[in-house]
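Student: Pasting my_file.pdb below, which is PDB, C-alpha atoms, pLDDT in the B column.
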```pdb
MODEL        1
ATOM      1  CA  MET L  51      77.892-105.990  24.899  1.00 45.00           C
ATOM      2  CA  PRO L  52      80.421-104.379  22.518  1.00 49.00           C
ATOM      3  CA  SER L  53      78.954-102.431  19.626  1.00 50.00           C
ATOM      4  CA  LEU L  54      80.350-104.829  17.006  1.00 47.00           C
ATOM      5  CA  LYS L  55      78.873-107.877  18.728  1.00 52.00           C
ATOM      6  CA  ARG L  56      75.562-106.067  19.189  1.00 52.00           C
ATOM      7  CA  CYS L  57      75.520-105.263  15.460  1.00 53.00           C
ATOM      8  CA  SER L  58      76.383-108.893  14.706  1.00 58.00           C
ATOM      9  CA  TYR L  59      73.392-110.118  16.662  1.00 61.00           C
ATOM     10  CA  LEU L  60      70.727-107.509  15.931  1.00 71.00           C
ATOM     11  CA  SER L  61      71.187-107.307  12.142  1.00 78.00           C
ATOM     12  CA  PRO L  62      70.414-110.977  11.372  1.00 82.00           C
ATOM     13  CA  ARG L  63      67.645-110.991  13.973  1.00 88.00           C
ATOM     14  CA  TRP L  64      65.907-108.137  12.146  1.00 88.00           C
ATOM     15  CA  ARG L  65      66.449-109.752   8.748  1.00 90.00           C
ATOM     16  CA  PHE L  66      65.220-113.129  10.012  1.00 93.00           C
ATOM     17  CA  THR L  67      62.010-111.552  11.311  1.00 94.00           C
ATOM     18  CA  PHE L  68      61.359-109.724   8.069  1.00 94.00           C
ATOM     19  CA  TYR L  69      62.177-112.637   5.734  1.00 95.00           C
ATOM     20  CA  LEU L  70      60.049-115.087   7.672  1.00 95.00           C
ATOM     21  CA  CYS L  71      57.067-112.726   7.866  1.00 96.00           C
ATOM     22  CA  ILE L  72      57.249-111.603   4.235  1.00 96.00           C
ATOM     23  CA  PHE L  73      57.688-115.189   3.022  1.00 96.00           C
ATOM     24  CA  CYS L  74      54.588-116.311   4.924  1.00 96.00           C
ATOM     25  CA  TYR L  75      52.683-113.324   3.556  1.00 96.00           C
ATOM     26  CA  GLY L  76      53.865-114.077   0.013  1.00 95.00           C
ATOM     27  CA  ILE L  77      52.904-117.753   0.181  1.00 96.00           C
ATOM     28  CA  ARG L  78      49.495-116.902   1.585  1.00 95.00           C
ATOM     29  CA  PHE L  79      48.925-114.291  -1.126  1.00 95.00           C
ATOM     30  CA  LEU L  80      50.201-116.402  -4.038  1.00 95.00           C
ATOM     31  CA  TRP L  81      48.347-119.529  -2.941  1.00 96.00           C
ATOM     32  CA  LEU L  82      45.114-117.786  -3.915  1.00 93.00           C
ATOM     33  CA  SER L  83      46.544-116.297  -7.121  1.00 94.00           C
ATOM     34  CA  PRO L  84      46.031-118.112 -10.465  1.00 95.00           C
ATOM     35  CA  TRP L  85      49.514-117.253 -11.799  1.00 95.00           C
ATOM     36  CA  PHE L  86      51.079-119.215  -8.935  1.00 96.00           C
ATOM     37  CA  TRP L  87      49.669-122.400 -10.471  1.00 95.00           C
ATOM     38  CA  ASP L  88      49.936-121.391 -14.118  1.00 95.00           C
ATOM     39  CA  THR L  89      52.713-118.926 -14.987  1.00 95.00           C
ATOM     40  CA  ARG L  90      51.111-118.169 -18.341  1.00 95.00           C
ATOM     41  CA  GLN L  91      48.531-116.200 -16.358  1.00 95.00           C
ATOM     42  CA  CYS L  92      51.292-113.657 -15.696  1.00 94.00           C
ATOM     43  CA  TRP L  93      50.964-112.479 -19.297  1.00 94.00           C
ATOM     44  CA  HIS L  94      47.289-112.910 -20.131  1.00 92.00           C
ATOM     45  CA  ASN L  95      45.635-109.493 -20.644  1.00 91.00           C
ATOM     46  CA  TYR L  96      48.970-107.785 -20.043  1.00 90.00           C
ATOM     47  CA  PRO L  97      49.412-104.868 -19.406  1.00 87.00           C
ATOM     48  CA  PHE L  98      45.755-104.406 -18.407  1.00 91.00           C
ATOM     49  CA  GLN L  99      45.927-106.374 -15.170  1.00 91.00           C
ATOM     50  CA  PRO L 100      44.395-105.035 -11.936  1.00 91.00           C
ATOM     51  CA  LEU L 101      46.629-104.174  -8.987  1.00 92.00           C
ATOM     52  CA  SER L 102      45.048-105.532  -5.819  1.00 92.00           C
ATOM     53  CA  LYS L 103      45.658-103.987  -2.401  1.00 93.00           C
ATOM     54  CA  GLY L 104      47.439-107.117  -1.164  1.00 93.00           C
ATOM     55  CA  LEU L 105      49.786-107.120  -4.142  1.00 94.00           C
ATOM     56  CA  TYR L 106      50.514-103.421  -3.651  1.00 95.00           C
ATOM     57  CA  TYR L 107      51.452-103.915   0.010  1.00 95.00           C
ATOM     58  CA  TYR L 108      53.641-106.897  -0.927  1.00 96.00           C
ATOM     59  CA  TYR L 109      55.616-104.769  -3.375  1.00 95.00           C
ATOM     60  CA  ILE L 110      55.959-101.756  -1.091  1.00 94.00           C
ATOM     61  CA  MET L 111      57.254-103.824   1.834  1.00 95.00           C
ATOM     62  CA  GLU L 112      59.830-105.618  -0.303  1.00 94.00           C
ATOM     63  CA  LEU L 113      61.016-102.427  -1.987  1.00 94.00           C
ATOM     64  CA  ALA L 114      61.379-100.545   1.305  1.00 94.00           C
ATOM     65  CA  PHE L 115      63.351-103.407   2.822  1.00 93.00           C
ATOM     66  CA  TYR L 116      65.838-103.667  -0.035  1.00 91.00           C
ATOM     67  CA  TRP L 117      66.379 -99.911  -0.023  1.00 92.00           C
ATOM     68  CA  SER L 118      67.243-100.201   3.677  1.00 90.00           C
ATOM     69  CA  LEU L 119      69.772-102.930   2.844  1.00 87.00           C
ATOM     70  CA  MET L 120      71.258-100.736   0.135  1.00 87.00           C
ATOM     71  CA  PHE L 121      71.835 -97.792   2.492  1.00 85.00           C
ATOM     72  CA  SER L 122      73.054 -99.970   5.359  1.00 82.00           C
ATOM     73  CA  GLN L 123      75.924-101.239   3.210  1.00 80.00           C
ATOM     74  CA  PHE L 124      77.575 -97.823   3.451  1.00 79.00           C
ATOM     75  CA  THR L 125      77.203 -97.547   7.231  1.00 76.00           C
ATOM     76  CA  ASP L 126      77.908-101.172   8.114  1.00 73.00           C
ATOM     77  CA  ILE L 127      81.297-102.898   8.233  1.00 69.00           C
ATOM     78  CA  LYS L 128      82.606-103.349   4.696  1.00 70.00           C
ATOM     79  CA  ARG L 129      83.098-106.860   3.368  1.00 70.00           C
ATOM     80  CA  LYS L 130      85.080-108.450   0.558  1.00 70.00           C
ATOM     81  CA  ASP L 131      81.785-109.177  -1.215  1.00 70.00           C
ATOM     82  CA  PHE L 132      80.665-105.533  -0.960  1.00 77.00           C
ATOM     83  CA  LEU L 133      80.581-105.138  -4.745  1.00 81.00           C
ATOM     84  CA  ILE L 134      78.623-108.362  -5.307  1.00 78.00           C
ATOM     85  CA  MET L 135      76.046-107.389  -2.698  1.00 81.00           C
ATOM     86  CA  PHE L 136      75.850-103.873  -4.102  1.00 85.00           C
ATOM     87  CA  VAL L 137      75.144-105.246  -7.596  1.00 82.00           C
ATOM     88  CA  HIS L 138      72.572-107.625  -6.115  1.00 80.00           C
ATOM     89  CA  HIS L 139      70.753-104.821  -4.305  1.00 85.00           C
ATOM     90  CA  LEU L 140      70.813-102.636  -7.419  1.00 87.00           C
ATOM     91  CA  ALA L 141      69.422-105.435  -9.573  1.00 82.00           C
ATOM     92  CA  THR L 142      66.753-106.288  -7.001  1.00 85.00           C
ATOM     93  CA  ILE L 143      65.606-102.701  -6.520  1.00 92.00           C
ATOM     94  CA  GLY L 144      65.690-102.184 -10.281  1.00 86.00           C
ATOM     95  CA  LEU L 145      63.581-105.292 -10.859  1.00 87.00           C
ATOM     96  CA  ILE L 146      60.995-104.431  -8.223  1.00 93.00           C
ATOM     97  CA  THR L 147      60.685-100.817  -9.405  1.00 93.00           C
ATOM     98  CA  PHE L 148      60.742-101.622 -13.111  1.00 91.00           C
ATOM     99  CA  SER L 149      58.235-104.474 -12.850  1.00 91.00           C
ATOM    100  CA  TYR L 150      55.896-102.276 -10.806  1.00 94.00           C
ATOM    101  CA  ILE L 151      56.066 -99.386 -13.290  1.00 92.00           C
ATOM    102  CA  ASN L 152      55.458-101.754 -16.216  1.00 91.00           C
ATOM    103  CA  ASN L 153      52.751-103.700 -14.347  1.00 92.00           C
ATOM    104  CA  MET L 154      54.768-106.943 -14.435  1.00 92.00           C
ATOM    105  CA  VAL L 155      53.809-107.444 -10.820  1.00 94.00           C
ATOM    106  CA  ARG L 156      52.496-110.973 -11.226  1.00 95.00           C
ATOM    107  CA  VAL L 157      55.819-112.480 -12.242  1.00 95.00           C
ATOM    108  CA  GLY L 158      57.486-110.068  -9.823  1.00 94.00           C
ATOM    109  CA  THR L 159      55.701-111.670  -6.871  1.00 95.00           C
ATOM    110  CA  LEU L 160      56.985-115.088  -7.967  1.00 95.00           C
ATOM    111  CA  VAL L 161      60.569-113.814  -8.027  1.00 93.00           C
ATOM    112  CA  MET L 162      60.299-112.164  -4.602  1.00 94.00           C
ATOM    113  CA  CYS L 163      58.672-115.127  -2.882  1.00 95.00           C
ATOM    114  CA  LEU L 164      61.172-117.543  -4.403  1.00 94.00           C
ATOM    115  CA  HIS L 165      64.098-115.529  -3.061  1.00 91.00           C
ATOM    116  CA  ASP L 166      62.575-115.178   0.403  1.00 93.00           C
ATOM    117  CA  ALA L 167      62.188-118.961   0.702  1.00 94.00           C
ATOM    118  CA  SER L 168      65.796-119.570   1.742  1.00 93.00           C
ATOM    119  CA  ASP L 169      66.885-116.238   3.231  1.00 92.00           C
ATOM    120  CA  PHE L 170      65.242-116.648   6.636  1.00 94.00           C
ATOM    121  CA  LEU L 171      66.991-120.022   7.049  1.00 94.00           C
ATOM    122  CA  LEU L 172      70.393-118.390   6.589  1.00 91.00           C
ATOM    123  CA  GLU L 173      69.604-115.724   9.180  1.00 92.00           C
ATOM    124  CA  ALA L 174      68.367-118.420  11.586  1.00 94.00           C
ATOM    125  CA  ALA L 175      71.666-120.277  11.147  1.00 92.00           C
ATOM    126  CA  LYS L 176      73.602-117.089  11.937  1.00 89.00           C
ATOM    127  CA  LEU L 177      71.573-116.520  15.094  1.00 92.00           C
ATOM    128  CA  SER L 178      72.242-120.106  16.168  1.00 92.00           C
ATOM    129  CA  ASN L 179      75.939-119.512  15.616  1.00 89.00           C
ATOM    130  CA  TYR L 180      75.889-116.383  17.798  1.00 88.00           C
ATOM    131  CA  ALA L 181      74.041-118.334  20.496  1.00 89.00           C
ATOM    132  CA  LYS L 182      76.756-121.062  20.254  1.00 89.00           C
ATOM    133  CA  TYR L 183      74.312-123.791  19.228  1.00 90.00           C
ATOM    134  CA  GLN L 184      76.736-125.315  16.749  1.00 87.00           C
ATOM    135  CA  ARG L 185      74.746-128.419  15.890  1.00 88.00           C
ATOM    136  CA  LEU L 186      71.605-126.368  15.223  1.00 92.00           C
ATOM    137  CA  CYS L 187      73.674-123.915  13.182  1.00 90.00           C
ATOM    138  CA  ASP L 188      75.096-126.721  11.039  1.00 87.00           C
ATOM    139  CA  THR L 189      71.667-128.269  10.521  1.00 89.00           C
ATOM    140  CA  LEU L 190      70.063-124.985   9.515  1.00 92.00           C
ATOM    141  CA  PHE L 191      72.917-124.199   7.155  1.00 90.00           C
ATOM    142  CA  VAL L 192      72.550-127.566   5.420  1.00 88.00           C
ATOM    143  CA  ILE L 193      68.804-126.979   5.046  1.00 93.00           C
ATOM    144  CA  PHE L 194      69.475-123.452   3.772  1.00 93.00           C
ATOM    145  CA  GLY L 195      71.963-124.758   1.196  1.00 92.00           C
ATOM    146  CA  ALA L 196      69.511-127.383  -0.056  1.00 93.00           C
ATOM    147  CA  VAL L 197      66.624-124.915  -0.326  1.00 95.00           C
ATOM    148  CA  PHE L 198      68.899-122.347  -1.995  1.00 95.00           C
ATOM    149  CA  MET L 199      70.075-124.805  -4.659  1.00 93.00           C
ATOM    150  CA  VAL L 200      66.573-126.071  -5.392  1.00 95.00           C
ATOM    151  CA  THR L 201      64.902-122.657  -5.572  1.00 95.00           C
ATOM    152  CA  ARG L 202      67.596-120.601  -7.329  1.00 94.00           C
ATOM    153  CA  LEU L 203      69.282-123.152  -9.570  1.00 95.00           C
ATOM    154  CA  GLY L 204      66.195-125.244 -10.234  1.00 95.00           C
ATOM    155  CA  ILE L 205      62.853-123.511  -9.794  1.00 96.00           C
ATOM    156  CA  TYR L 206      64.033-120.010 -10.686  1.00 96.00           C
ATOM    157  CA  PRO L 207      65.489-120.744 -14.151  1.00 95.00           C
ATOM    158  CA  PHE L 208      63.031-123.482 -15.162  1.00 95.00           C
ATOM    159  CA  TRP L 209      59.895-121.810 -13.779  1.00 94.00           C
ATOM    160  CA  VAL L 210      60.400-118.042 -13.624  1.00 95.00           C
ATOM    161  CA  LEU L 211      62.956-117.462 -16.388  1.00 95.00           C
ATOM    162  CA  ASN L 212      61.114-119.881 -18.640  1.00 95.00           C
ATOM    163  CA  SER L 213      58.005-117.747 -18.232  1.00 95.00           C
ATOM    164  CA  THR L 214      59.717-114.362 -18.713  1.00 94.00           C
ATOM    165  CA  LEU L 215      61.873-115.481 -21.653  1.00 94.00           C
ATOM    166  CA  PHE L 216      59.591-117.821 -23.588  1.00 94.00           C
ATOM    167  CA  GLU L 217      55.973-117.671 -22.398  1.00 94.00           C
ATOM    168  CA  SER L 218      55.905-113.871 -22.470  1.00 93.00           C
ATOM    169  CA  TRP L 219      57.439-113.873 -25.960  1.00 92.00           C
ATOM    170  CA  GLU L 220      54.825-116.351 -27.140  1.00 92.00           C
ATOM    171  CA  ILE L 221      51.798-114.618 -25.575  1.00 92.00           C
ATOM    172  CA  ILE L 222      52.518-110.894 -25.945  1.00 89.00           C
ATOM    173  CA  GLY L 223      55.593-110.870 -28.177  1.00 84.00           C
ATOM    174  CA  PRO L 224      58.833-108.922 -27.683  1.00 82.00           C
ATOM    175  CA  TYR L 225      58.704-105.299 -26.541  1.00 81.00           C
ATOM    176  CA  PRO L 226      61.446-102.771 -25.692  1.00 81.00           C
ATOM    177  CA  SER L 227      61.382-103.271 -21.925  1.00 85.00           C
ATOM    178  CA  TRP L 228      61.422-107.063 -22.353  1.00 88.00           C
ATOM    179  CA  TRP L 229      65.174-107.008 -22.940  1.00 89.00           C
ATOM    180  CA  PHE L 230      65.976-104.879 -19.898  1.00 87.00           C
ATOM    181  CA  PHE L 231      63.691-106.851 -17.592  1.00 88.00           C
ATOM    182  CA  ASN L 232      65.125-110.209 -18.584  1.00 91.00           C
ATOM    183  CA  GLY L 233      68.646-108.791 -18.449  1.00 89.00           C
ATOM    184  CA  LEU L 234      68.168-107.985 -14.763  1.00 85.00           C
ATOM    185  CA  LEU L 235      66.720-111.442 -14.125  1.00 90.00           C
ATOM    186  CA  LEU L 236      69.730-113.050 -15.798  1.00 93.00           C
ATOM    187  CA  ILE L 237      72.086-110.960 -13.634  1.00 87.00           C
ATOM    188  CA  LEU L 238      70.346-112.417 -10.595  1.00 87.00           C
ATOM    189  CA  GLN L 239      70.832-115.904 -11.990  1.00 93.00           C
ATOM    190  CA  LEU L 240      74.544-115.246 -12.445  1.00 92.00           C
ATOM    191  CA  LEU L 241      74.776-114.153  -8.804  1.00 87.00           C
ATOM    192  CA  HIS L 242      72.903-117.318  -7.802  1.00 92.00           C
ATOM    193  CA  ILE L 243      75.565-119.420  -9.510  1.00 94.00           C
ATOM    194  CA  ILE L 244      78.385-117.557  -7.743  1.00 90.00           C
ATOM    195  CA  TRP L 245      76.752-117.934  -4.337  1.00 89.00           C
ATOM    196  CA  SER L 246      75.946-121.586  -4.993  1.00 92.00           C
ATOM    197  CA  TYR L 247      79.639-122.212  -5.564  1.00 91.00           C
ATOM    198  CA  LEU L 248      80.490-120.483  -2.273  1.00 88.00           C
ATOM    199  CA  ILE L 249      77.828-122.431  -0.378  1.00 88.00           C
ATOM    200  CA  THR L 250      79.082-125.720  -1.840  1.00 88.00           C
ATOM    201  CA  ARG L 251      82.646-124.857  -0.845  1.00 87.00           C
ATOM    202  CA  ILE L 252      81.539-124.006   2.707  1.00 83.00           C
ATOM    203  CA  ALA L 253      79.535-127.241   3.000  1.00 80.00           C
ATOM    204  CA  PHE L 254      82.492-129.289   1.766  1.00 81.00           C
ATOM    205  CA  LYS L 255      84.857-127.668   4.280  1.00 80.00           C
ATOM    206  CA  ALA L 256      82.265-128.153   7.014  1.00 74.00           C
ATOM    207  CA  LEU L 257      82.191-131.877   6.305  1.00 74.00           C
ATOM    208  CA  LEU L 258      85.969-132.020   6.614  1.00 79.00           C
ATOM    209  CA  ARG L 259      86.145-129.901   9.768  1.00 74.00           C
ATOM    210  CA  GLY L 260      83.005-131.265  11.389  1.00 64.00           C
ATOM    211  CA  LYS L 261      81.363-127.864  11.715  1.00 60.00           C
ATOM    212  CA  VAL L 262      80.483-124.706   9.859  1.00 59.00           C
ATOM    213  CA  SER L 263      83.015-121.990  10.603  1.00 53.00           C
ATOM    214  CA  LYS L 264      82.820-118.253  10.464  1.00 52.00           C
ATOM    215  CA  ASP L 265      82.262-115.650   7.746  1.00 50.00           C
ATOM    216  CA  ASP L 266      84.684-116.046   4.845  1.00 49.00           C
ATOM    217  CA  ARG L 267      84.175-112.541   3.568  1.00 46.00           C
ATOM    218  CA  SER L 268      86.169-110.847   6.344  1.00 41.00           C
ATOM    219  CA  ASP L 269      85.642-107.375   7.685  1.00 41.00           C
ATOM    220  CA  VAL L 270      87.376-104.495   5.962  1.00 38.00           C
ATOM    221  CA  GLU L 271      87.417-102.049   8.821  1.00 37.00           C
ATOM    222  CA  SER L 272      89.327 -98.892   9.584  1.00 37.00           C
ATOM    223  CA  SER L 273      92.864 -99.221  10.884  1.00 35.00           C
ATOM    224  CA  SER L 274      91.845 -98.247  14.396  1.00 37.00           C
ATOM    225  CA  GLU L 275      89.163-100.907  14.500  1.00 39.00           C
ATOM    226  CA  GLU L 276      91.628-103.498  13.238  1.00 41.00           C
ATOM    227  CA  GLU L 277      94.100-102.527  15.944  1.00 38.00           C
ATOM    228  CA  ASP L 278      91.404-102.848  18.597  1.00 41.00           C
ATOM    229  CA  GLU L 279      90.482-106.271  17.278  1.00 41.00           C
ATOM    230  CA  THR L 280      94.139-107.344  17.280  1.00 40.00           C
ATOM    231  CA  LEU L 281      94.576-106.271  20.900  1.00 35.00           C
ATOM    232  CA  SER L 282      91.382-108.096  21.833  1.00 40.00           C
ATOM    233  CA  THR L 283      92.582-111.243  20.089  1.00 40.00           C
ATOM    234  CA  LYS L 284      95.899-111.159  21.913  1.00 38.00           C
ATOM    235  CA  SER L 285      94.164-110.767  25.253  1.00 39.00           C
ATOM    236  CA  LEU L 286      92.092-113.841  24.502  1.00 37.00           C
ATOM    237  CA  SER L 287      95.066-116.005  23.525  1.00 38.00           C
ATOM    238  CA  GLY L 288      94.176-119.637  23.281  1.00 41.00           C
ATOM    239  CA  ASN L 289      90.436-119.028  22.968  1.00 40.00           C
ATOM    240  CA  SER L 290      88.539-120.345  19.986  1.00 37.00           C
ATOM    241  CA  SER L 291      87.557-117.905  17.261  1.00 36.00           C
ATOM    242  CA  ASN L 292      84.119-119.487  16.927  1.00 38.00           C
ATOM    243  CA  ASN L 293      82.391-117.224  19.447  1.00 37.00           C
ATOM    244  CA  GLY L 294      79.930-116.060  16.813  1.00 37.00           C
ATOM    245  CA  ALA L 295      80.092-114.956  13.213  1.00 35.00           C
ATOM    246  CA  ASN L 296      80.965-111.414  12.214  1.00 35.00           C
ATOM    247  CA  CYS L 297      78.343-108.780  11.494  1.00 34.00           C
ATOM    248  CA  VAL L 298      76.891-109.785   8.146  1.00 33.00           C
ATOM    249  CA  ASN L 299      76.230-107.142   5.513  1.00 34.00           C
ATOM    250  CA  GLY L 300      73.470-107.825   2.997  1.00 37.00           C
ATOM    251  CA  HIS L 301      70.313-109.883   2.954  1.00 39.00           C
ATOM    252  CA  MET L 302      71.815-113.013   1.517  1.00 38.00           C
ATOM    253  CA  GLY L 303      75.457-113.729   2.259  1.00 39.00           C
ATOM    254  CA  GLY L 304      75.989-117.036   0.500  1.00 37.00           C
ATOM    255  CA  SER L 305      79.519-117.112   1.929  1.00 37.00           C
ATOM    256  CA  CYS L 306      78.197-116.729   5.454  1.00 41.00           C
ATOM    257  CA  TRP L 307      80.656-119.154   7.022  1.00 44.00           C
ATOM    258  CA  ALA L 308      83.824-120.439   5.512  1.00 36.00           C
ATOM    259  CA  GLU L 309      87.308-121.489   6.440  1.00 37.00           C
ATOM    260  CA  GLU L 310      88.811-119.275   9.093  1.00 34.00           C
TER     261      GLU L 310
ENDMDL
END
```
Please lay out the structure from this file as structure tokens.

Tutor:
Amino acid sequence: MPSLKRCSYLSPRWRFTFYLCIFCYGIRFLWLSPWFWDTRQCWHNYPFQPLSKGLYYYYIMELAFYWSLMFSQFTDIKRKDFLIMFVHHLATIGLITFSYINNMVRVGTLVMCLHDASDFLLEAAKLSNYAKYQRLCDTLFVIFGAVFMVTRLGIYPFWVLNSTLFESWEIIGPYPSWWFFNGLLLILQLLHIIWSYLITRIAFKALLRGKVSKDDRSDVESSSEEEDETLSTKSLSGNSSNNGANCVNGHMGGSCWAEE
């Protein structure tokens, strides 16, 4: 198996495994937590809230994973959305670190679990595409798009941002770090809107074409790699270009497949 194809397959497989496991862990942990059912509990007795062992492990695993995504961007194939993903990773790492230092871990767990809810579906769709199960790929992508829209354009602003912007202000009042923390959360929301547009565009094109096509972001490789790919394409004249999506960089490529 060529190195590029191996990278294309192994990267989403690793991310799928992590996202699915961490999402199940997060749901199990939050189901027994009072702030999952009442977000005002995120701010009661703040900042004197105990840090349980389960919450600590949750934070450490998420932080380590996003640092790995950050470093892998510089060793992986560069994409057109490199800057967007870089900003996303910076904001995510900043939020996890900042919320941990300031003991805002309760609302932090809500943000992390909410984001993990759709990510494993995207990676599963990519794996289906590599395995050439087109119908399964299309189905998973539709489910991913629906979950993404509901969680990040619905639940996130009206549940999480409502708590960080208004409930926290009401219960504990404004404080210096309040502005920075909510600024990072609003940056994430802006990225959600951008990716939602890309996902909608992909879904619309998929309806017209009858299938979800490959990564819209395109590889930005070295000239030698591009030449190799050109030669390979010529040797496969007449073959379809849907033999699997390109190696995806980042944990959540909203523009995973688009018009070729």

Student: Please identify every residue of range 104-194 of chain L that has at least one atom no farther than 8 Å from an atom of range 88-98 of chain L, counting all atoms listed in the file, and for each give the shortest atom pair and the distance in Å to one decimal, arranged by chain then increasing number, as a tab-separated table.

Tutor:
```
residue	atom	partner	partner_atom	distance
L:Asn152	CA	L:Pro97	CA	7.5
L:Asn153	CA	L:Pro97	CA	6.2
L:Met154	CA	L:Pro97	CA	7.6
L:Arg156	CA	L:Cys92	CA	5.4
L:Val157	CA	L:Cys92	CA	5.8
```

Student: Tell me, as a PDB file with C-alpha atoms, in the frame of the given file, which residues lie within 9 Å of Thr214 in chain L, counting all atoms listed in the file; anything in the same chain fewer than 2 positions away does not count.

Tutor:
```
ATOM      1  CA  CYS L  92      51.292-113.657 -15.696  1.00 94.00           C
ATOM      2  CA  TRP L  93      50.964-112.479 -19.297  1.00 94.00           C
ATOM      3  CA  VAL L 157      55.819-112.480 -12.242  1.00 95.00           C
ATOM      4  CA  TRP L 209      59.895-121.810 -13.779  1.00 94.00           C
ATOM      5  CA  VAL L 210      60.400-118.042 -13.624  1.00 95.00           C
ATOM      6  CA  LEU L 211      62.956-117.462 -16.388  1.00 95.00           C
ATOM      7  CA  ASN L 212      61.114-119.881 -18.640  1.00 95.00           C
ATOM      8  CA  PHE L 216      59.591-117.821 -23.588  1.00 94.00           C
ATOM      9  CA  GLU L 217      55.973-117.671 -22.398  1.00 94.00           C
ATOM     10  CA  SER L 218      55.905-113.871 -22.470  1.00 93.00           C
ATOM     11  CA  TRP L 219      57.439-113.873 -25.960  1.00 92.00           C
ATOM     12  CA  TRP L 228      61.422-107.063 -22.353  1.00 88.00           C
ATOM     13  CA  PHE L 231      63.691-106.851 -17.592  1.00 88.00           C
ATOM     14  CA  ASN L 232      65.125-110.209 -18.584  1.00 91.00           C
ATOM     15  CA  LEU L 235      66.720-111.442 -14.125  1.00 90.00           C
TER      16      LEU L 235
END
```

Student: Can you translate the PyMOL selection byres ((chain L and resi 67) around 12) into the concrete residues it hits in this file, as a VMD selection string?

Tutor: chain L and resid 60 to 66 68 to 74 115 166 169 to 174 177 301

Student: Could you dump the residues just selected with C-alpha atoms as a PDB file, in the coordinates of the input?

Tutor:
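Written file, again-v7.pdb:
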```pdb
ATOM      1  CA  LEU L  60      70.727-107.509  15.931  1.00 71.00           C
ATOM      2  CA  SER L  61      71.187-107.307  12.142  1.00 78.00           C
ATOM      3  CA  PRO L  62      70.414-110.977  11.372  1.00 82.00           C
ATOM      4  CA  ARG L  63      67.645-110.991  13.973  1.00 88.00           C
ATOM      5  CA  TRP L  64      65.907-108.137  12.146  1.00 88.00           C
ATOM      6  CA  ARG L  65      66.449-109.752   8.748  1.00 90.00           C
ATOM      7  CA  PHE L  66      65.220-113.129  10.012  1.00 93.00           C
ATOM      8  CA  PHE L  68      61.359-109.724   8.069  1.00 94.00           C
ATOM      9  CA  TYR L  69      62.177-112.637   5.734  1.00 95.00           C
ATOM     10  CA  LEU L  70      60.049-115.087   7.672  1.00 95.00           C
ATOM     11  CA  CYS L  71      57.067-112.726   7.866  1.00 96.00           C
ATOM     12  CA  ILE L  72      57.249-111.603   4.235  1.00 96.00           C
ATOM     13  CA  PHE L  73      57.688-115.189   3.022  1.00 96.00           C
ATOM     14  CA  CYS L  74      54.588-116.311   4.924  1.00 96.00           C
ATOM     15  CA  PHE L 115      63.351-103.407   2.822  1.00 93.00           C
ATOM     16  CA  ASP L 166      62.575-115.178   0.403  1.00 93.00           C
ATOM     17  CA  ASP L 169      66.885-116.238   3.231  1.00 92.00           C
ATOM     18  CA  PHE L 170      65.242-116.648   6.636  1.00 94.00           C
ATOM     19  CA  LEU L 171      66.991-120.022   7.049  1.00 94.00           C
ATOM     20  CA  LEU L 172      70.393-118.390   6.589  1.00 91.00           C
ATOM     21  CA  GLU L 173      69.604-115.724   9.180  1.00 92.00           C
ATOM     22  CA  ALA L 174      68.367-118.420  11.586  1.00 94.00           C
ATOM     23  CA  LEU L 177      71.573-116.520  15.094  1.00 92.00           C
ATOM     24  CA  HIS L 301      70.313-109.883   2.954  1.00 39.00           C
TER      25      HIS L 301
END
```

Student: Could you state which residues are captured by the PyMOL selection byres ((chain L and resi 80) around 12) in this file, as a PyMOL selection string?

Tutor: chain L and resi 72-79+81-89+104-105+108+155-164

Student: Between L:Ile134, L:Leu145, L:Leu119, L:Ala175, which residue has the minimum interatomic distance to Leu241 in chain L, considering only C-alpha atoms?

Tutor: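 Looking at the shortest contact to Leu241 in chain L, the residue is L:Ile134.
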
Student: How many Å lie between CA of Ser178 in chain L and CA of Leu190 in chain L, rounded to one decimal?

Tutor: 8.5 Å

Student: Enter the distance from CA of His139 in chain L to CA of Leu234 in chain L, in Å, rounded to one decimal.

Tutor: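 Rounded to one decimal, the two atoms are 11.2 Å apart.
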
Student: Quote the spacing between CA of His242 in chain L and CA of Val200 in chain L in Å to one decimal place.

Tutor: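 Spanning CA of His242 in chain L to CA of Val200 in chain L is a straight-line distance of 11.1 Å.
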
Student: Looking at only C-alpha atoms, which of L:Ile221, L:Ala256, L:Met120, L:Leu203 is the one that sits closest to Gln239 in chain L?

Tutor: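 Closest to Gln239 in chain L, using only C-alpha atoms: L:Leu203.
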
Student: Give the answer as one residue: which of L:Leu101, L:Ile249, L:Leu133, L:Ala141 has the shortest atom-to-atom distance to Ile193 in chain L, using only C-alpha atoms?

Tutor: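 Checking each of L:Leu101, L:Ile249, L:Leu133, L:Ala141 against Ile193 in chain L, counting only C-alpha atoms, the winner is L:Ile249.
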
Student: Name the closest residue to Thr250 in chain L among the candidates L:Gly195, L:Trp117, L:Phe230, L:Phe208; distances are taken between atoms, counting only C-alpha atoms.

Tutor: L:Gly195
